[in-house]
file start20.tsv (TSV, C-alpha atoms)
chain	number	residue	atom	x	y	z
A	338	MET	CA	129.33	200.67	308.62
A	339	SER	CA	132.80	201.34	309.97
A	340	SER	CA	135.94	200.03	308.31
A	341	SER	CA	136.73	197.71	311.25
A	342	THR	CA	133.31	196.07	311.00
A	343	THR	CA	133.76	195.53	307.25
A	344	ALA	CA	137.17	193.93	307.77
A	345	THR	CA	135.77	191.58	310.39
A	346	ALA	CA	132.93	190.43	308.07
A	347	THR	CA	135.33	189.86	305.21
A	348	ALA	CA	137.58	187.74	307.42
A	349	ARG	CA	134.61	185.57	308.46
A	350	ILE	CA	133.64	184.97	304.83
A	351	VAL	CA	137.18	183.95	303.87
A	352	ARG	CA	137.37	181.57	306.84
A	353	ARG	CA	134.07	179.88	305.91
A	354	ARG	CA	135.26	179.30	302.31
A	355	THR	CA	138.55	177.84	303.56
A	356	LEU	CA	136.70	175.43	305.85
A	357	ARG	CA	134.42	174.34	302.98
A	358	VAL	CA	137.37	173.58	300.69
A	359	ALA	CA	139.16	171.62	303.41
A	360	GLY	CA	136.00	169.64	304.18
A	361	THR	CA	135.53	168.76	300.52
A	362	ALA	CA	139.15	167.57	300.25
A	363	LEU	CA	138.75	165.37	303.31
A	364	THR	CA	135.56	163.83	301.88
A	365	VAL	CA	137.24	163.00	298.57
A	366	ALA	CA	140.26	161.48	300.31
A	367	ALA	CA	138.06	159.34	302.54
A	368	ALA	CA	136.07	158.06	299.56
A	369	PHE	CA	139.24	157.20	297.68
A	370	SER	CA	140.61	155.32	300.69
A	371	LEU	CA	137.43	153.28	301.05
A	372	THR	CA	137.45	152.38	297.34
A	373	ALA	CA	141.06	151.20	297.49
A	374	CYS	CA	140.41	149.07	300.56
A	375	SER	CA	137.34	147.53	298.96
A	376	GLY	CA	139.29	146.57	295.79
A	377	SER	CA	142.11	145.06	297.84
A	378	ASP	CA	139.74	143.01	299.95
A	379	GLY	CA	137.93	141.73	296.83
A	380	ALA	CA	141.15	140.50	295.27
A	381	ALA	CA	142.26	138.83	298.50
A	382	SER	CA	138.95	137.02	298.91
A	383	LYS	CA	138.92	135.71	295.31
A	384	PRO	CA	139.48	131.90	295.29
A	385	GLY	CA	142.87	130.94	293.92
A	386	GLY	CA	141.35	128.14	291.82
A	387	GLN	CA	139.51	130.73	289.68
A	388	SER	CA	142.74	132.22	288.37
A	389	GLY	CA	144.86	130.86	285.46
A	390	GLY	CA	145.55	127.61	287.32
A	391	GLY	CA	142.12	126.22	286.41
A	392	VAL	CA	142.67	126.80	282.69
A	393	ALA	CA	146.09	125.17	282.87
A	394	ALA	CA	144.61	122.14	284.57
A	395	GLU	CA	141.98	121.80	281.85
A	396	ALA	CA	144.60	122.12	279.12
A	397	SER	CA	146.74	119.47	280.79
A	398	GLY	CA	143.78	117.13	281.02
A	399	ALA	CA	142.98	117.62	277.34
A	400	GLY	CA	146.57	116.85	276.40
A	401	SER	CA	146.57	113.65	278.41
A	402	SER	CA	143.33	112.57	276.80
A	403	ALA	CA	144.67	113.26	273.32
A	404	GLY	CA	147.82	111.30	274.08
A	405	ALA	CA	145.82	108.35	275.30
A	406	GLN	CA	143.69	108.39	272.17
A	407	GLY	CA	146.78	108.65	269.97
A	408	ALA	CA	148.38	105.53	271.43
A	409	ASP	CA	147.96	102.54	269.17
A	410	ALA	CA	149.10	99.24	270.58
A	411	PRO	CA	150.60	96.87	268.01
A	412	ALA	CA	148.59	93.85	267.04
A	413	GLY	CA	149.44	90.55	268.68
A	414	ASN	CA	151.50	87.94	266.94
A	415	ALA	CA	149.52	86.14	264.29
A	416	LYS	CA	150.35	82.72	262.93
A	417	SER	CA	150.18	82.54	259.18
A	418	GLY	CA	151.48	80.40	256.38
A	419	SER	CA	153.00	76.97	256.80
A	420	GLY	CA	155.76	78.20	259.09
A	421	GLU	CA	156.57	77.27	262.67
A	422	GLY	CA	155.04	80.38	264.23
A	423	THR	CA	155.67	84.08	264.30
A	424	SER	CA	157.87	86.57	266.06
A	425	SER	CA	157.08	90.09	267.27
A	426	HIS	CA	160.23	91.38	265.59
A	427	ALA	CA	161.70	91.01	262.15
A	428	GLY	CA	164.11	88.13	261.72
A	429	SER	CA	166.05	86.76	264.68
A	430	GLY	CA	169.32	87.11	266.48
A	431	GLY	CA	169.38	90.92	266.41
A	432	THR	CA	171.45	91.06	263.22
A	433	ALA	CA	171.82	94.22	261.14
A	434	SER	CA	169.11	93.35	258.67
A	435	SER	CA	166.76	91.68	261.18
A	436	ARG	CA	164.27	94.47	260.84
A	437	ALA	CA	160.93	95.18	259.26
A	438	GLY	CA	160.60	94.54	255.55
A	439	SER	CA	161.22	97.69	253.52
A	440	GLY	CA	158.56	99.09	251.23
A	441	GLY	CA	159.32	100.76	247.94
A	442	GLY	CA	156.26	103.03	247.82
A	443	ALA	CA	152.67	102.39	248.80
A	444	GLY	CA	150.21	100.86	246.40
A	445	LYS	CA	146.49	101.59	246.21
A	446	GLY	CA	145.64	99.60	249.33
A	447	LYS	CA	147.07	99.65	252.81
A	448	PHE	CA	150.05	97.44	253.45
A	449	CYS	CA	149.33	93.77	254.02
A	450	ARG	CA	149.74	92.62	257.59
A	451	THR	CA	151.54	89.37	258.29
A	452	SER	CA	148.26	87.91	259.55
A	453	ASP	CA	146.67	88.69	256.13
A	454	LEU	CA	149.08	86.42	254.30
A	455	VAL	CA	149.46	82.67	253.84
A	456	MET	CA	153.14	82.00	253.08
A	457	GLU	CA	155.08	79.03	251.76
A	458	ALA	CA	158.67	78.51	250.58
A	459	VAL	CA	159.28	76.30	247.52
A	460	ASP	CA	162.32	75.28	245.50
A	461	SER	CA	162.40	77.20	242.21
A	462	SER	CA	165.93	76.53	240.95
A	463	PRO	CA	165.94	76.76	237.13
A	464	ASP	CA	168.67	74.14	236.85
A	465	GLN	CA	171.27	72.31	238.93
A	466	LYS	CA	173.72	75.19	238.78
A	467	VAL	CA	171.70	78.08	240.17
A	468	GLY	CA	170.10	77.90	243.60
A	469	GLU	CA	166.78	79.64	244.13
A	470	VAL	CA	163.95	79.47	246.65
A	471	THR	CA	160.68	81.32	246.10
A	472	VAL	CA	158.40	82.51	248.89
A	473	GLN	CA	154.72	82.69	247.96
A	474	MET	CA	152.41	85.10	249.80
A	475	THR	CA	148.66	84.75	249.25
A	476	ASN	CA	146.21	87.38	250.50
A	477	LYS	CA	143.66	85.58	252.65
A	478	GLY	CA	142.08	88.82	253.89
A	479	GLY	CA	138.95	90.51	252.64
A	480	ARG	CA	140.55	93.65	251.20
A	481	THR	CA	143.18	94.62	248.68
A	482	CYS	CA	146.52	95.37	250.33
A	483	SER	CA	150.06	96.20	249.26
A	484	VAL	CA	153.24	94.10	249.55
A	485	THR	CA	155.39	96.57	247.62
A	486	GLY	CA	159.12	96.44	248.36
A	487	PHE	CA	161.58	93.99	249.93
A	488	ALA	CA	160.70	91.44	252.55
A	489	GLY	CA	163.02	91.16	255.54
A	490	VAL	CA	164.71	87.74	255.42
A	491	ASP	CA	167.01	85.81	257.76
A	492	LEU	CA	168.21	82.25	257.25
A	493	LYS	CA	168.33	80.00	260.31
A	494	ASP	CA	170.94	77.24	260.27
A	495	ALA	CA	170.86	73.76	261.79
A	496	ASP	CA	173.30	74.91	264.49
A	497	GLY	CA	170.71	77.44	265.75
A	498	THR	CA	172.41	80.56	264.41
A	499	SER	CA	170.79	82.95	261.95
A	500	ALA	CA	172.10	85.34	259.31
A	501	PRO	CA	170.50	88.20	257.37
A	502	VAL	CA	170.00	87.97	253.63
A	503	HIS	CA	171.17	91.00	251.67
A	504	ARG	CA	168.95	92.74	249.16
A	505	GLY	CA	169.44	92.63	245.41
A	506	GLY	CA	169.82	95.83	243.43
A	507	GLU	CA	166.46	95.72	241.63
A	508	GLN	CA	163.90	98.55	241.91
A	509	PRO	CA	160.67	97.40	243.59
A	510	ARG	CA	157.39	97.90	241.72
A	511	ILE	CA	154.01	98.65	243.22
A	512	THR	CA	152.45	95.32	244.11
A	513	ASP	CA	148.81	95.26	245.21
A	514	LEU	CA	147.18	92.02	246.19
A	515	LYS	CA	143.46	91.47	245.80
A	516	PRO	CA	141.83	88.91	248.10
A	517	GLY	CA	142.96	85.46	246.94
A	518	ASP	CA	145.85	86.77	244.79
A	519	THR	CA	149.46	85.64	245.30
A	520	ALA	CA	152.72	87.59	245.24
A	521	THR	CA	156.21	86.09	245.37
A	522	PHE	CA	159.81	87.00	246.03
A	523	SER	CA	162.90	84.86	245.51
A	524	ILE	CA	166.14	84.15	247.34
A	525	SER	CA	169.07	83.34	245.08
A	526	TYR	CA	172.30	81.69	246.22
A	527	ALA	CA	175.42	79.89	245.07
A	528	VAL	CA	175.18	76.10	244.91
A	529	ASP	CA	177.71	73.94	246.74
A	530	PHE	CA	179.42	71.45	244.40
A	531	SER	CA	182.25	70.53	246.75
A	532	GLY	CA	180.30	68.85	249.48
A	533	ASP	CA	182.38	70.73	252.04
A	534	SER	CA	179.91	73.52	252.83
A	535	LEU	CA	178.88	73.71	256.46
A	536	ALA	CA	175.81	75.82	255.64
A	537	SER	CA	172.62	73.89	256.36
A	538	PRO	CA	169.61	76.24	256.37
A	539	THR	CA	166.53	74.87	258.10
A	540	ASN	CA	164.19	77.87	258.19
A	541	ILE	CA	163.52	81.17	256.45
A	542	ILE	CA	162.43	83.99	258.78
A	543	VAL	CA	160.24	86.28	256.64
A	544	THR	CA	158.88	89.74	257.47
A	545	PRO	CA	156.59	91.17	254.75
A	546	PRO	CA	157.33	94.68	253.44
A	547	ASN	CA	156.37	97.44	255.87
A	548	GLU	CA	155.62	94.96	258.64
A	549	THR	CA	157.32	94.10	261.94
A	550	HIS	CA	155.84	90.65	262.59
A	551	SER	CA	157.69	87.71	261.06
A	552	VAL	CA	156.89	84.10	260.23
A	553	SER	CA	159.23	81.09	260.12
A	554	LEU	CA	158.99	78.96	256.98
A	555	LYS	CA	160.73	75.63	256.47
A	556	TRP	CA	163.61	75.60	254.01
A	557	PRO	CA	162.48	73.39	251.09
A	558	ALA	CA	163.88	69.89	251.52
A	559	GLU	CA	164.41	69.52	247.75
A	560	ALA	CA	166.34	72.80	247.42
A	561	LEU	CA	169.91	72.59	246.11
A	562	LYS	CA	172.73	72.61	248.64
A	563	LEU	CA	173.66	76.15	249.62
A	564	ALA	CA	177.34	77.06	249.39
A	565	GLY	CA	178.45	78.76	252.57
A	566	PRO	CA	179.22	81.06	254.15
A	567	TYR	CA	176.12	83.16	254.74
A	568	ASP	CA	177.29	86.36	253.09
A	569	GLU	CA	176.37	88.95	250.44
A	570	LYS	CA	176.36	86.30	247.69
A	571	ILE	CA	172.92	85.26	248.97
A	572	LYS	CA	170.33	87.78	247.75
A	573	VAL	CA	166.66	88.50	248.36
A	574	HIS	CA	164.78	90.12	245.48
A	575	PRO	CA	161.74	92.45	245.48
A	576	VAL	CA	158.18	91.23	245.79
A	577	GLY	CA	156.21	90.87	242.56
A	578	ILE	CA	152.87	89.49	241.40
A	579	ALA	CA	152.98	85.75	240.71
A	580	ASN	CA	152.75	84.80	237.02

call {"tool": "encode", "arguments": {"input": "start20.tsv", "output": "structure tokens"}}
result
Amino acid sequence: MSSSTTATATARIVRRRTLRVAGTALTVAAAFSLTACSGSDGAASKPGGQSGGGVAAEASGAGSSAGAQGADAPAGNAKSGSGEGTSSHAGSGGTASSRAGSGGGAGKGKFCRTSDLVMEAVDSSPDQKVGEVTVQMTNKGGRTCSVTGFAGVDLKDADGTSAPVHRGGEQPRITDLKPGDTATFSISYAVDFSGDSLASPTNIIVTPPNETHSVSLKWPAEALKLAGPYDEKIKVHPVGIAN
């Protein structure tokens, strides 16, 4: 075979290999392009609701449900004791101490609700020189409950005004009331000997410790005359078990 024939054959072989390599490259490129297009189309056709928005909606719904279950509406006003009715807030007139009675630590039972208690105010002055009114609270419920602490107390005057009663400095003791048991607290005050006092209390607005519902009790008719004004000389003392 001549040298020119050999050169021609070699050139044909090289050309065929070049064409094969180019064809393979084109095939790979085409396959890659089709794969990319397919992935893009799949993402575009995916419903938007299947992404994170659905999970967020479920979480929001769960939160709303939990909030609704956590809401606890306060109980309605309950009439108790021998008073003239109850109020949905402690005391009256919006004064500084017209707030819920303050507990001094929980006892064994849950705190007594106003509706659990029968209340009455009685004169308990030890003599004619010291004025004192005692409020009795009897548990009429079917469970033991606690009245530990100070009751919220306002005095309502004949002119329609009311004034808060300040707390004494005593330390409250745990006071648990079994069904049928009675607890008491006292209100001490200076007695009027002049006859000039304009203070004429007609009602005692009482809110048991750790409660927000109050009851109006009549000021005892036989109680000694209170020396005005309504100030810090009038004291309410902690609740304790009746003797």

call {"tool": "closest_residue", "arguments": {"input": "start20.tsv", "among": "A:Lys555, A:Lys515, A:Arg510, A:His503", "to": "Asn476 (chain A)", "atoms": "only C-alpha atoms"}}
result
A:Lys515

call {"tool": "closest_residue", "arguments": {"input": "start20.tsv", "among": "A:Tyr526, A:Gly565, A:Ile571, A:Val484", "to": "Leu514 (chain A)", "atoms": "only C-alpha atoms"}}
result
A:Val484

call {"tool": "residues_near_point", "arguments": {"input": "start20.tsv", "point": "(155.5, 84.7, 256.3)", "cutoff": "8 Å", "atoms": "all atoms listed in the file", "output": "PyMOL selection string"}}
result
chain A and resi 417-418+420+451+454-457+474+542-545+551-554

call {"tool": "residues_near_point", "arguments": {"input": "start20.tsv", "point": "(174.3, 78.7, 263.7)", "cutoff": "12 Å", "atoms": "only C-alpha atoms", "output": "list in words"}}
result
Ser429, Gly430, Asp491, Leu492, Lys493, Asp494, Ala495, Asp496, Gly497, Thr498, Ser499, Ala500, Leu535, Ala536, Ser537, Pro538, Thr539, Asn540, Gly565, Pro566 and Tyr567 of chain A

call {"tool": "atom_distance", "arguments": {"input": "start20.tsv", "atom1": "CA of Lys562 (chain A)", "atom2": "CA of Asp529 (chain A)"}}
result
5.5 Å

call {"tool": "closest_residue", "arguments": {"input": "start20.tsv", "among": "A:Asp453, A:Asp533, A:Asp513, A:Glu569", "to": "Thr485 (chain A)", "atoms": "all atoms listed in the file"}}
result
A:Asp513

call {"tool": "atom_distance", "arguments": {"input": "start20.tsv", "atom1": "CA of Lys447 (chain A)", "atom2": "CA of Glu548 (chain A)"}}
result
11.4 Å

call {"tool": "atom_distance", "arguments": {"input": "start20.tsv", "atom1": "CA of Val528 (chain A)", "atom2": "CA of Lys466 (chain A)"}}
result
6.4 Å

call {"tool": "closest_residue", "arguments": {"input": "start20.tsv", "among": "A:Gln473, A:Ala458, A:Arg450, A:Leu561", "to": "Ile541 (chain A)", "atoms": "all atoms listed in the file"}}
result
A:Ala458

call {"tool": "closest_residue", "arguments": {"input": "start20.tsv", "among": "A:Asp464, A:Ser534, A:Thr549, A:Val472", "to": "Ser452 (chain A)", "atoms": "all atoms listed in the file"}}
result
A:Thr549
